[in-house]
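So this one's target_3.cif, mmCIF, C-alpha atoms:
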data_coords
loop_
_atom_site.label_atom_id
_atom_site.label_comp_id
_atom_site.auth_asym_id
_atom_site.auth_seq_id
_atom_site.Cartn_x
_atom_site.Cartn_y
_atom_site.Cartn_z
CA MET A 563 45.20 -14.28 50.24
CA HIS A 564 45.37 -16.82 47.44
CA VAL A 565 43.25 -16.25 44.35
CA TYR A 566 42.65 -19.24 42.07
CA ILE A 567 41.74 -18.39 38.49
CA TYR A 568 39.98 -21.36 36.84
CA ASP A 569 40.01 -21.30 33.04
CA GLU A 570 36.72 -21.59 31.18
CA TYR A 571 37.38 -25.05 29.72
CA LEU A 572 37.51 -26.56 33.23
CA ASN A 573 33.70 -26.31 33.36
CA LYS A 574 33.53 -29.46 31.23
CA PRO A 575 32.48 -32.57 33.19
CA LYS A 576 35.67 -34.45 32.33
CA TYR A 577 37.66 -32.08 34.57
CA ASN A 578 35.38 -32.39 37.62
CA ARG A 579 37.49 -35.10 39.18
CA ALA A 580 40.71 -33.11 38.81
CA ILE A 581 39.07 -29.98 40.27
CA ASN A 582 37.67 -31.92 43.24
CA ARG A 583 41.07 -33.46 43.88
CA LEU A 584 42.67 -30.03 43.74
CA GLU A 585 40.21 -28.43 46.16
CA ILE A 586 40.49 -31.26 48.69
CA ARG A 587 44.28 -31.10 48.56
CA LEU A 588 44.32 -27.30 48.97
CA THR A 589 42.06 -27.62 52.03
CA ASP A 590 44.31 -30.30 53.51
CA LEU A 591 47.35 -28.05 53.08
CA GLY A 592 45.62 -24.90 54.33
CA LEU A 593 45.95 -23.19 50.96
CA ASN A 594 42.29 -22.28 50.43
CA GLY A 595 41.47 -19.00 48.85
CA LYS A 596 39.12 -17.21 46.53
CA ILE A 597 38.06 -18.98 43.34
CA ILE A 598 37.32 -17.05 40.17
CA ARG A 599 35.91 -18.90 37.18
CA LEU A 600 36.76 -17.17 33.92
CA GLY A 601 33.79 -18.72 32.12
CA GLY A 602 31.31 -16.37 33.71
CA ILE A 603 33.37 -13.20 33.44
CA LYS A 604 33.25 -10.64 30.66
CA ASN A 605 36.12 -8.42 31.71
CA ILE A 606 38.96 -10.73 32.72
CA LYS A 607 41.55 -7.94 32.93
CA ALA A 608 39.48 -5.82 35.31
CA THR A 609 38.71 -8.85 37.52
CA ILE A 610 42.35 -9.87 37.88
CA GLN A 611 43.52 -6.30 38.42
CA ASN A 612 40.88 -5.83 41.09
CA GLU A 613 42.12 -8.87 43.02
CA ILE A 614 45.63 -7.47 43.01
CA LYS A 615 44.34 -4.11 44.28
CA LEU A 616 42.53 -5.99 47.06
CA GLY A 617 45.87 -7.41 48.13
CA ALA A 618 46.07 -10.91 46.61
CA LYS A 619 49.39 -12.45 47.71
CA THR A 620 49.31 -15.22 45.14
CA ILE A 621 47.45 -15.47 41.85
CA ILE A 622 47.26 -19.09 40.77
CA ALA A 623 46.46 -20.01 37.17
CA VAL A 624 44.46 -23.24 37.17
CA GLY A 625 44.44 -24.51 33.59
CA ASN A 626 47.05 -24.48 30.85
CA ASN A 627 49.39 -22.22 28.84
CA GLN A 628 46.46 -20.13 27.66
CA THR A 629 45.32 -19.48 31.24
CA ILE A 630 48.75 -18.17 32.23
CA ASN A 631 48.90 -16.00 29.12
CA LYS A 632 45.50 -14.47 29.92
CA ILE A 633 46.62 -13.62 33.45
CA ILE A 634 49.95 -12.17 32.40
CA GLY A 635 48.28 -10.15 29.66
CA ALA A 636 45.95 -8.68 32.28
CA ILE A 637 48.84 -7.52 34.48
CA ILE A 638 51.97 -6.65 32.52
CA ASP A 639 52.33 -3.05 31.38
CA THR A 640 49.19 -1.98 33.21
CA GLU A 641 48.92 0.46 36.12
CA ILE A 642 48.60 -2.52 38.46
CA TYR A 643 51.93 -4.09 37.42
CA GLY A 644 53.97 -2.20 40.04
CA ASP A 645 51.81 -3.60 42.86
CA PHE A 646 51.89 -7.06 41.30
CA GLN A 647 55.66 -7.13 41.09
CA LYS A 648 56.13 -5.98 44.69
CA LYS A 649 53.48 -7.98 46.47
CA THR A 650 52.08 -10.79 44.35
CA LEU A 651 53.41 -14.13 43.18
CA LEU A 652 52.19 -16.19 40.24
CA GLY A 653 51.44 -19.87 40.78
CA LEU A 654 50.37 -22.62 38.39
CA VAL A 655 48.19 -25.72 38.65
CA PRO A 656 48.26 -27.65 35.36
CA ILE A 657 45.06 -29.42 34.32
CA GLY A 658 44.56 -30.81 30.83
CA ASP A 659 46.76 -30.49 27.74
CA ASP A 660 49.13 -27.70 26.55
CA ASN A 661 50.96 -27.34 29.84
CA SER A 662 54.53 -26.87 28.65
CA ILE A 663 54.94 -23.75 30.82
CA ALA A 664 54.08 -25.67 34.01
CA SER A 665 56.49 -28.46 32.94
CA SER A 666 59.26 -25.89 32.51
CA PHE A 667 58.66 -24.79 36.09
CA GLY A 668 58.84 -28.37 37.34
CA ILE A 669 55.10 -28.65 37.97
CA LYS A 670 53.83 -31.93 36.54
CA ASN A 671 50.38 -32.52 38.03
CA VAL A 672 47.79 -31.29 40.51
CA ASP A 673 49.30 -32.98 43.58
CA GLU A 674 52.78 -31.66 42.85
CA ALA A 675 51.38 -28.21 42.14
CA CYS A 676 49.84 -28.05 45.62
CA ASN A 677 53.07 -29.12 47.31
CA ILE A 678 54.98 -26.55 45.27
CA LEU A 679 52.54 -23.79 46.26
CA LEU A 680 53.13 -24.71 49.89
CA ALA A 681 56.92 -24.73 49.51
CA ARG A 682 56.75 -21.27 47.91
CA ARG A 683 60.08 -21.40 46.05
CA VAL A 684 60.17 -18.22 43.98
CA GLU A 685 62.08 -17.29 40.83
CA LYS A 686 62.09 -14.01 38.91
CA ILE A 687 61.44 -14.85 35.28
CA ASP A 688 62.06 -12.90 32.08
CA LEU A 689 59.17 -12.44 29.71
CA GLY A 690 59.40 -12.59 25.93
CA LEU A 691 57.59 -9.79 24.09
CA VAL A 692 56.11 -9.95 20.59
CA GLY A 693 54.12 -6.88 19.67
CA ASN A 694 51.34 -6.76 22.30
CA TYR A 695 51.79 -10.41 23.29
CA TYR A 696 53.96 -11.94 25.98
CA PHE A 697 55.44 -15.40 26.17
CA LEU A 698 57.05 -17.40 28.96
CA ASN A 699 58.27 -20.42 26.94
CA GLN A 700 58.78 -19.68 23.27
CA ALA A 701 57.57 -18.30 19.98
CA SER A 702 57.93 -20.55 16.95
CA ILE A 703 57.50 -20.44 13.17
CA GLN A 704 58.23 -22.64 10.14
CA SER A 705 61.79 -22.01 8.95
CA ALA A 706 61.49 -22.05 5.14
CA GLY A 707 61.13 -18.49 3.94
CA THR A 708 61.91 -16.97 7.34
CA THR A 709 64.27 -14.01 7.60
CA ILE A 710 65.67 -12.93 10.94
CA GLU A 711 67.30 -9.52 11.47
CA ILE A 712 69.60 -9.28 14.47
CA ASP A 713 71.69 -6.16 15.18
CA ASP A 714 73.83 -5.62 12.06
CA TYR A 715 73.16 -8.92 10.30
CA THR A 716 70.44 -11.04 8.74
CA LEU A 717 69.80 -14.77 8.71
CA GLU A 718 68.08 -16.33 5.72
CA ILE A 719 66.68 -19.83 5.93
CA THR A 720 65.54 -21.72 2.85
CA GLU A 721 65.24 -25.25 4.23
CA ARG A 722 62.08 -26.59 5.84
CA GLY A 723 62.11 -26.97 9.59
CA GLU A 724 61.37 -24.81 12.62
CA VAL A 725 62.60 -21.60 14.19
CA ARG A 726 62.08 -21.32 17.94
CA ILE A 727 62.75 -18.21 19.98
CA ILE A 728 63.17 -19.56 23.48
CA ASN A 729 62.97 -17.79 26.83
CA LEU A 730 62.32 -20.88 28.92
CA LEU A 731 62.86 -24.46 27.77
CA SER A 732 59.90 -26.82 27.83
CA ASP A 733 61.69 -30.00 26.83
CA GLN A 734 64.47 -31.39 29.00
CA ALA A 735 65.78 -33.45 26.06
CA GLU A 736 66.92 -30.28 24.27
CA LYS A 737 70.69 -29.81 24.24
CA ILE A 738 70.66 -26.05 24.67
CA LYS A 739 70.83 -24.46 28.11
CA SER A 740 68.13 -21.85 28.23
CA ASN A 741 68.11 -19.39 31.10
CA PRO A 742 64.94 -17.40 31.85
CA HIS A 743 66.78 -14.83 33.98
CA ASP A 744 69.63 -13.82 31.69
CA GLY A 745 67.78 -11.09 29.81
CA LYS A 746 68.35 -12.94 26.53
CA LEU A 747 66.50 -15.14 24.08
CA ASP A 748 67.89 -18.27 22.45
CA VAL A 749 67.11 -18.64 18.76
CA LEU A 750 67.11 -22.32 17.81
CA ILE A 751 66.78 -23.20 14.12
CA ARG A 752 66.36 -26.86 13.26
CA THR A 753 65.87 -27.95 9.65
CA ARG A 754 64.74 -31.26 8.19
CA LYS A 755 68.29 -31.81 7.02
CA LYS A 756 68.98 -32.20 10.75
CA ASP A 757 71.32 -29.26 11.01
CA GLU A 758 70.97 -27.00 13.98
CA SER A 759 71.74 -23.34 14.56
CA ILE A 760 71.81 -21.57 17.91
CA ILE A 761 72.19 -17.83 18.50
CA THR A 762 71.65 -15.86 21.71
CA VAL A 763 70.13 -12.40 21.28
CA LYS A 764 68.37 -9.60 23.17
CA LYS A 765 66.04 -8.66 20.34
CA LEU A 766 65.32 -9.54 16.73
CA LYS A 767 62.98 -8.86 13.87
CA LEU A 768 61.38 -11.86 12.21
CA SER A 769 59.42 -12.09 8.98
CA ASN A 770 57.85 -14.81 6.86
CA PRO A 771 55.20 -13.86 4.29
CA GLN A 772 53.68 -17.37 4.23
CA GLU A 773 53.71 -18.55 7.83
CA LYS A 774 52.42 -17.27 11.19
CA LEU A 775 54.30 -17.02 14.47
CA ILE A 776 52.90 -19.22 17.25
CA ILE A 777 53.28 -17.91 20.79
CA ASP A 778 53.50 -20.45 23.65
CA GLY A 779 51.46 -22.82 21.50
CA VAL A 780 48.45 -20.59 22.10
CA PHE A 781 48.29 -17.53 19.81
CA GLU A 782 49.09 -17.15 16.12
CA ILE A 783 50.16 -13.79 14.74
CA GLU A 784 51.24 -12.45 11.37
CA THR A 785 54.77 -11.26 10.70
CA PRO A 786 56.90 -9.14 10.42
CA VAL A 787 57.28 -8.75 14.17
CA GLU A 788 59.86 -7.48 16.59
CA ILE A 789 60.67 -9.86 19.41
CA GLY A 790 62.38 -8.74 22.60
CA ILE A 791 62.83 -9.67 26.24
CA MET A 792 61.69 -8.01 29.47
CA SER A 793 64.03 -8.94 32.31
CA ASP A 794 62.87 -10.24 35.70
CA LYS A 795 59.30 -9.39 34.94
CA VAL A 796 57.30 -12.00 36.87
CA ASN A 797 57.79 -13.69 40.24
CA VAL A 798 56.74 -17.32 39.83
CA ILE A 799 56.42 -20.14 42.36
CA VAL A 800 58.44 -23.01 40.89
CA GLY A 801 59.26 -26.63 41.63
CA LYS A 802 62.72 -28.06 42.37
CA ASP A 803 62.59 -30.02 39.08
CA ARG A 804 62.38 -26.88 36.99
CA MET A 805 64.25 -26.81 33.66
CA PHE A 806 66.67 -24.06 34.62
CA GLU A 807 68.97 -23.04 37.47
CA MET B 380 97.49 -33.64 17.91
CA PHE B 381 96.75 -31.57 14.82
CA ASN B 382 93.75 -33.74 13.82
CA LYS B 383 92.10 -33.22 17.21
CA GLU B 384 92.43 -29.48 16.84
CA THR B 385 90.76 -29.44 13.43
CA ARG B 386 87.78 -31.23 14.84
CA LEU B 387 84.69 -29.88 16.53
CA GLU B 388 85.12 -31.24 20.06
CA LYS B 389 86.94 -28.17 21.30
CA PHE B 390 83.85 -26.07 20.48
CA LYS B 391 81.15 -28.21 22.08
CA ASP B 392 80.08 -25.34 24.34
CA ALA B 393 79.97 -22.78 21.53
CA GLU B 394 77.60 -19.90 22.19
CA THR B 395 76.74 -19.49 18.51
CA ILE B 396 76.27 -22.17 15.86
CA ILE B 397 75.39 -21.32 12.27
CA GLY B 398 74.15 -24.52 10.63
CA ALA B 399 74.62 -25.59 7.03
CA SER B 400 71.18 -24.34 5.93
CA ILE B 401 71.70 -20.78 7.12
CA LYS B 402 73.00 -17.78 5.17
CA VAL B 403 74.28 -14.86 7.21
CA LYS B 404 74.62 -11.42 5.67
CA GLY B 405 76.10 -8.46 7.50
CA ASN B 406 78.48 -7.72 10.36
CA PHE B 407 78.43 -10.70 12.70
CA GLN B 408 79.93 -10.05 16.11
CA GLY B 409 79.99 -12.32 19.18
CA GLN B 410 81.71 -12.70 22.54
CA GLY B 411 81.76 -16.48 22.81
CA ASP B 412 82.92 -19.36 20.61
CA ILE B 413 81.37 -19.47 17.14
CA ILE B 414 80.86 -22.42 14.78
CA ILE B 415 80.10 -21.70 11.10
CA GLU B 416 78.84 -24.59 8.95
CA GLY B 417 76.74 -22.48 6.56
CA SER B 418 77.56 -19.37 4.58
CA LEU B 419 78.45 -15.87 5.76
CA GLU B 420 78.92 -12.66 3.83
CA GLY B 421 80.09 -9.44 5.45
CA SER B 422 82.41 -9.46 8.48
CA LEU B 423 82.95 -11.90 11.34
CA LYS B 424 84.44 -11.00 14.70
CA THR B 425 84.61 -12.67 18.09
CA ASP B 426 86.67 -12.18 21.26
CA ALA B 427 86.76 -15.96 21.62
CA ASN B 428 87.36 -18.88 19.25
CA LEU B 429 86.07 -19.65 15.78
CA PHE B 430 85.46 -22.92 13.92
CA ILE B 431 84.70 -22.90 10.19
CA GLY B 432 83.44 -26.25 8.93
CA GLU B 433 84.49 -28.05 5.76
CA LYS B 434 81.39 -27.08 3.77
CA ALA B 435 81.17 -23.53 5.07
CA LYS B 436 81.67 -20.56 2.73
CA VAL B 437 82.73 -17.28 4.25
CA VAL B 438 83.15 -14.08 2.25
CA ALA B 439 84.30 -11.76 5.01
CA ASN B 440 87.23 -10.42 6.98
CA ILE B 441 87.60 -12.51 10.12
CA GLU B 442 88.95 -11.64 13.56
CA SER B 443 89.14 -14.05 16.50
CA ARG B 444 91.36 -15.43 19.24
CA ASP B 445 91.99 -19.06 18.18
CA SER B 446 90.60 -20.25 14.85
CA VAL B 447 90.18 -23.64 13.24
CA ILE B 448 89.33 -23.39 9.54
CA ASN B 449 88.36 -26.31 7.33
CA GLY B 450 86.23 -24.50 4.74
CA GLU B 451 86.43 -21.64 2.28
CA VAL B 452 87.28 -18.08 3.31
CA LYS B 453 87.47 -15.14 0.90
CA GLY B 454 88.77 -12.34 3.05
CA ASN B 455 91.55 -11.47 5.47
CA ILE B 456 92.01 -13.47 8.65
CA LYS B 457 93.35 -12.19 11.95
CA ALA B 458 93.86 -14.82 14.67
CA LYS B 459 95.27 -13.19 17.82
CA GLY B 460 96.05 -16.64 19.20
CA TYR B 461 96.36 -19.88 17.29
CA LEU B 462 95.27 -20.54 13.71
CA ALA B 463 94.86 -24.11 12.44
CA LEU B 464 94.10 -24.66 8.75
CA GLY B 465 92.75 -28.11 7.98
CA GLY B 466 93.45 -30.08 4.80
CA THR B 467 90.19 -28.86 3.20
CA ALA B 468 90.74 -25.17 3.99
CA ARG B 469 90.75 -22.77 1.04
CA ILE B 470 91.88 -19.26 1.96
CA PHE B 471 91.81 -16.32 -0.47
CA GLY B 472 93.14 -13.40 1.54
CA ASP B 473 95.92 -12.33 3.90
CA ILE B 474 96.46 -14.06 7.22
CA GLN B 475 97.74 -12.54 10.47
CA TYR B 476 98.42 -15.02 13.26
CA ASN B 477 100.34 -15.61 16.47
CA GLU B 478 100.79 -19.35 16.04
CA LEU B 479 100.03 -21.29 12.91
CA SER B 480 99.59 -24.84 11.75
CA ILE B 481 98.69 -25.91 8.22
CA GLU B 482 97.57 -29.41 7.28
CA LYS B 483 98.57 -31.01 3.97
CA GLY B 484 96.05 -30.11 1.29
CA ALA B 485 95.18 -26.61 2.58
CA ILE B 486 95.14 -23.88 -0.10
CA ILE B 487 96.32 -20.37 0.73
CA ASN B 488 96.33 -17.47 -1.74
CA GLY B 489 97.58 -14.50 0.24
CA GLN B 490 100.27 -13.21 2.56
CA LEU B 491 101.15 -14.66 5.95
CA LEU B 492 102.21 -12.27 8.71
CA MET B 493 103.00 -13.26 12.27
CA LEU B 494 101.39 -10.84 14.73
CA ALA B 495 104.15 -11.17 17.36
CA GLU B 496 106.71 -10.25 14.68
CA GLU B 497 104.66 -7.27 13.54
CA HIS B 498 104.28 -6.10 17.16
CA ARG B 499 108.06 -6.38 17.73
CA HIS B 500 108.70 -4.46 14.48
CA ASN B 501 106.30 -1.67 15.55
CA GLU B 502 107.88 -1.44 19.02
CA ASN B 503 111.38 -1.18 17.48
CA ARG B 504 110.17 1.59 15.18
CA LYS B 505 108.70 3.56 18.14
CA VAL B 506 112.02 3.29 20.02
CA GLU B 507 113.89 4.56 16.93
CA GLU B 508 111.53 7.52 16.52
CA LYS B 509 111.89 8.44 20.21
CA LYS B 510 115.70 8.32 19.95
CA GLU B 511 115.61 10.63 16.91
CA SER B 512 113.38 13.18 18.67
CA ILE B 513 115.67 13.23 21.76
CA GLU B 514 118.75 13.79 19.56
CA GLU B 515 117.02 16.73 17.87
#
Would it be possible to restate this file's structure as structure tokens?
Amino acid sequence: MHVYIYDEYLNKPKYNRAINRLEIRLTDLGLNGKIIRLGGIKNIKATIQNEIKLGAKTIIAVGNNQTINKIIGAIIDTEIYGDFQKKTLLGLVPIGDDNSIASSFGIKNVDEACNILLARRVEKIDLGLVGNYYFLNQASIQSAGTTIEIDDYTLEITERGEVRIINLLSDQAEKIKSNPHDGKLDVLIRTRKKDESIITVKKLKLSNPQEKLIIDGVFEIETPVEIGIMSDKVNVIVGKDRMFE
Amino acid sequence: MFNKETRLEKFKDAETIIGASIKVKGNFQGQGDIIIEGSLEGSLKTDANLFIGEKAKVVANIESRDSVINGEVKGNIKAKGYLALGGTARIFGDIQYNELSIEKGAIINGQLLMLAEEHRHNENRKVEEKKESIEE
């Protein structure tokens, strides 16, 4: 059974057309399923976990990066995770802004998302971990004043710019080759002086007393934090134009 | 041929790049090619190749396979393969190498020791010691 989780913001009238288009297309392709609207639900975790217990074969996040993060947060490291990993796939239908995760998976719009759900091409994806938060794409922070501790060494950055800890690339123009199944994170530091640093790590500790860490463009958290990777954590339905091999 | 080797093209698929704005402190170890354009203090080791840029400042003992150095190094260098010192290289420490090339303008303050020679010397010494123990 497919379970479609609609994010709360999709209740706004401006998304009605996109939702209608989605539902018609799903019917045409025989992909109908149960619809759960997060707007009316108090306990999102319990609702999602219950659907998995009831045997949902695919959980589809209809919304944006925040929607996917809510669903993953409800499943990973819970008692239901074992069942999820064995029996359930995660799908995405991007509607609205902040959809870098869907882009990374080669899912550009509603029509494509439906075709991709039908094709059911699956990849096991690593998950980045920051404290109690998970990320599929990246965590980022301003570079000036940031200190990064990796194994036996430390990186100090004084120039202004950005530090990105990448699991899965969201921009095809980037030169680095990021792999979301290698059990590693790519640390990309780009300063305003246009110099670039790239290091591949399994875990690191990051601190910046002035700036916050932004996770998948959705959450902001204070540092210091430890950032790691959980290998092959989620089975995702992806498109053939995904940004990795 | 020497100018090509002092340049960056050989390292375009480097696994690790330390840019000019970064300071590294500690024991830096990698498996792939490394490019250093910033500063590093501590120790630097890779099983693969190393490029140190013209403006880089390294205060560390270095160990690699092939190395191309165009910047400043205060520490001992061990290149198990080929070592190329560019015209802007400034080395303050001892160098162990298998093959070496030095461009005009490079500054070296330290001893140079060829690794193949040292290996041959050690092997000869082992043979001598074995002969002595048999005779006894």
Per-residue nearest contacts chain B to chain A, cut-off 10 Å, using all atoms listed in the file, as JSON lines:
{"residue": "B:Asp392", "atom": "CA", "partner": "A:Ile738", "partner_atom": "CA", "distance": 9.5}
{"residue": "B:Ala393", "atom": "CA", "partner": "A:Ile760", "partner_atom": "CA", "distance": 9.0}
{"residue": "B:Glu394", "atom": "CA", "partner": "A:Ile761", "partner_atom": "CA", "distance": 6.9}
{"residue": "B:Thr395", "atom": "CA", "partner": "A:Ile761", "partner_atom": "CA", "distance": 4.8}
{"residue": "B:Ile396", "atom": "CA", "partner": "A:Ser759", "partner_atom": "CA", "distance": 4.9}
{"residue": "B:Ile397", "atom": "CA", "partner": "A:Ser759", "partner_atom": "CA", "distance": 4.8}
{"residue": "B:Gly398", "atom": "CA", "partner": "A:Ser759", "partner_atom": "CA", "distance": 4.8}
{"residue": "B:Ala399", "atom": "CA", "partner": "A:Asp757", "partner_atom": "CA", "distance": 6.3}
{"residue": "B:Ser400", "atom": "CA", "partner": "A:Glu721", "partner_atom": "CA", "distance": 6.2}
{"residue": "B:Ile401", "atom": "CA", "partner": "A:Ile719", "partner_atom": "CA", "distance": 5.2}
{"residue": "B:Lys402", "atom": "CA", "partner": "A:Glu718", "partner_atom": "CA", "distance": 5.2}
{"residue": "B:Val403", "atom": "CA", "partner": "A:Leu717", "partner_atom": "CA", "distance": 4.7}
{"residue": "B:Lys404", "atom": "CA", "partner": "A:Thr716", "partner_atom": "CA", "distance": 5.2}
{"residue": "B:Gly405", "atom": "CA", "partner": "A:Tyr715", "partner_atom": "CA", "distance": 4.1}
{"residue": "B:Asn406", "atom": "CA", "partner": "A:Asp714", "partner_atom": "CA", "distance": 5.4}
{"residue": "B:Phe407", "atom": "CA", "partner": "A:Tyr715", "partner_atom": "CA", "distance": 6.1}
{"residue": "B:Gln408", "atom": "CA", "partner": "A:Asp714", "partner_atom": "CA", "distance": 8.6}
{"residue": "B:Gly409", "atom": "CA", "partner": "A:Thr762", "partner_atom": "CA", "distance": 9.4}
{"residue": "B:Ile413", "atom": "CA", "partner": "A:Ile761", "partner_atom": "CA", "distance": 9.4}
{"residue": "B:Ile414", "atom": "CA", "partner": "A:Ser759", "partner_atom": "CA", "distance": 9.2}
{"residue": "B:Ile415", "atom": "CA", "partner": "A:Ser759", "partner_atom": "CA", "distance": 9.2}
{"residue": "B:Glu416", "atom": "CA", "partner": "A:Asp757", "partner_atom": "CA", "distance": 9.1}
{"residue": "B:Gly417", "atom": "CA", "partner": "A:Ser759", "partner_atom": "CA", "distance": 9.5}
{"residue": "B:Ser418", "atom": "CA", "partner": "A:Leu717", "partner_atom": "CA", "distance": 9.9}
{"residue": "B:Leu419", "atom": "CA", "partner": "A:Leu717", "partner_atom": "CA", "distance": 9.2}
{"residue": "B:Glu420", "atom": "CA", "partner": "A:Tyr715", "partner_atom": "CA", "distance": 9.4}
{"residue": "B:Gly421", "atom": "CA", "partner": "A:Tyr715", "partner_atom": "CA", "distance": 8.5}
{"residue": "B:Ser422", "atom": "CA", "partner": "A:Tyr715", "partner_atom": "CA", "distance": 9.4}
- Task: I would like the residues chosen by the PyMOL selection byres ((chain A and resi 807) around 9) on the shown file; could you give them as a ChimeraX atom specification?
- Result: /A:741-742,804-806
Restricting the output to C-alpha atoms, write the selected residues as an mmCIF file, keeping the file's coordinate frame.
data_model
loop_
_atom_site.group_PDB
_atom_site.id
_atom_site.type_symbol
_atom_site.label_atom_id
_atom_site.label_comp_id
_atom_site.auth_asym_id
_atom_site.auth_seq_id
_atom_site.Cartn_x
_atom_site.Cartn_y
_atom_site.Cartn_z
ATOM 1 C CA ASN A 741 68.110 -19.390 31.100
ATOM 2 C CA PRO A 742 64.940 -17.400 31.850
ATOM 3 C CA ARG A 804 62.380 -26.880 36.990
ATOM 4 C CA MET A 805 64.250 -26.810 33.660
ATOM 5 C CA PHE A 806 66.670 -24.060 34.620
#
With 8 Å on each side, where is the centre of the axis-aligned box around all listed atoms of segment 755-771 of chain A, and how long are its edges in Å to one decimal, as JSON?
{"center_x": 63.7, "center_y": -20.4, "center_z": 13.7, "size_x": 33.0, "size_y": 39.5, "size_z": 34.9}
- Task: Using all atoms listed in the file, pick whichever of A:Gly644, A:Leu689, A:Leu731, A:Lys795 has the shortest atom-to-atom distance to Lys746 of chain A.
- Result: A:Leu689
- Item | Ground truth for the PyMOL selection byres ((chain A and resi 615) around 12), written as a VMD selection string | chain A and resid 563 608 to 614 616 to 619 637 641 to 646 648 to 650
- Message: Quick one: residues within 9 Å of Leu479 of chain B, all atoms listed in the file, excluding same-chain residues fewer than 5 positions away - as a PyMOL selection string?
- Response: chain B and resi 460-464+493
- Task: Work out how far atom CA of Phe781 of chain A is from atom CA of Lys607 of chain A, in Å to one decimal.
- Result: 17.6 Å
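Near Ser662 of chain A, within a cut-off of 10 Å and counting all atoms listed in the file, sit the residues A:Asn626, A:Asn627, A:Pro656, A:Phe667, A:Gly668, A:Ile669, A:Lys670, A:Leu698, A:Asn699, A:Gln700, A:Leu730, A:Leu731, A:Ser732, A:Asp733, A:Asp778, A:Gly779, with same-chain residues fewer than 5 positions away left out.
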- Here atom CA of Val624 of chain A and atom CA of Ile791 of chain A stand apart by 25.3 Å
- So which residues fall inside 10 Å of (85.3, -7.8, -2.1) if we count all atoms listed in the file? Mind giving them as a PyMOL selection string? chain B and resi 420-421+438-440+453-454
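This file gives the following result for the PyMOL selection byres ((chain B and resi 442) around 10): Gln408, Ser422, Leu423, Lys424, Thr425, Asp426, Ala427, Asn428, Leu429, Ala439, Asn440, Ile441, Ser443, Arg444, Asp445, Ser446, Asn455, Ile456, Lys457, Ala458, Lys459 and Gln475 of chain B.
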- Need the neighbours of (44.5, -35.8, 33.9): which residues are at most 7 Å away, counting only C-alpha atoms, as a ChimeraX atom specification? /A:580,657-658
- Message: Taking all atoms listed in the file into account, name the residue in A:Glu585, A:His743, A:Asn661, A:Ala675 that is nearest to Ile687 of chain A.
- Response: A:His743
- Query: What gap, in Å, lies between atom CA of Asn605 of chain A and atom CA of Asn694 of chain A?
  - Reply: 18.0 Å
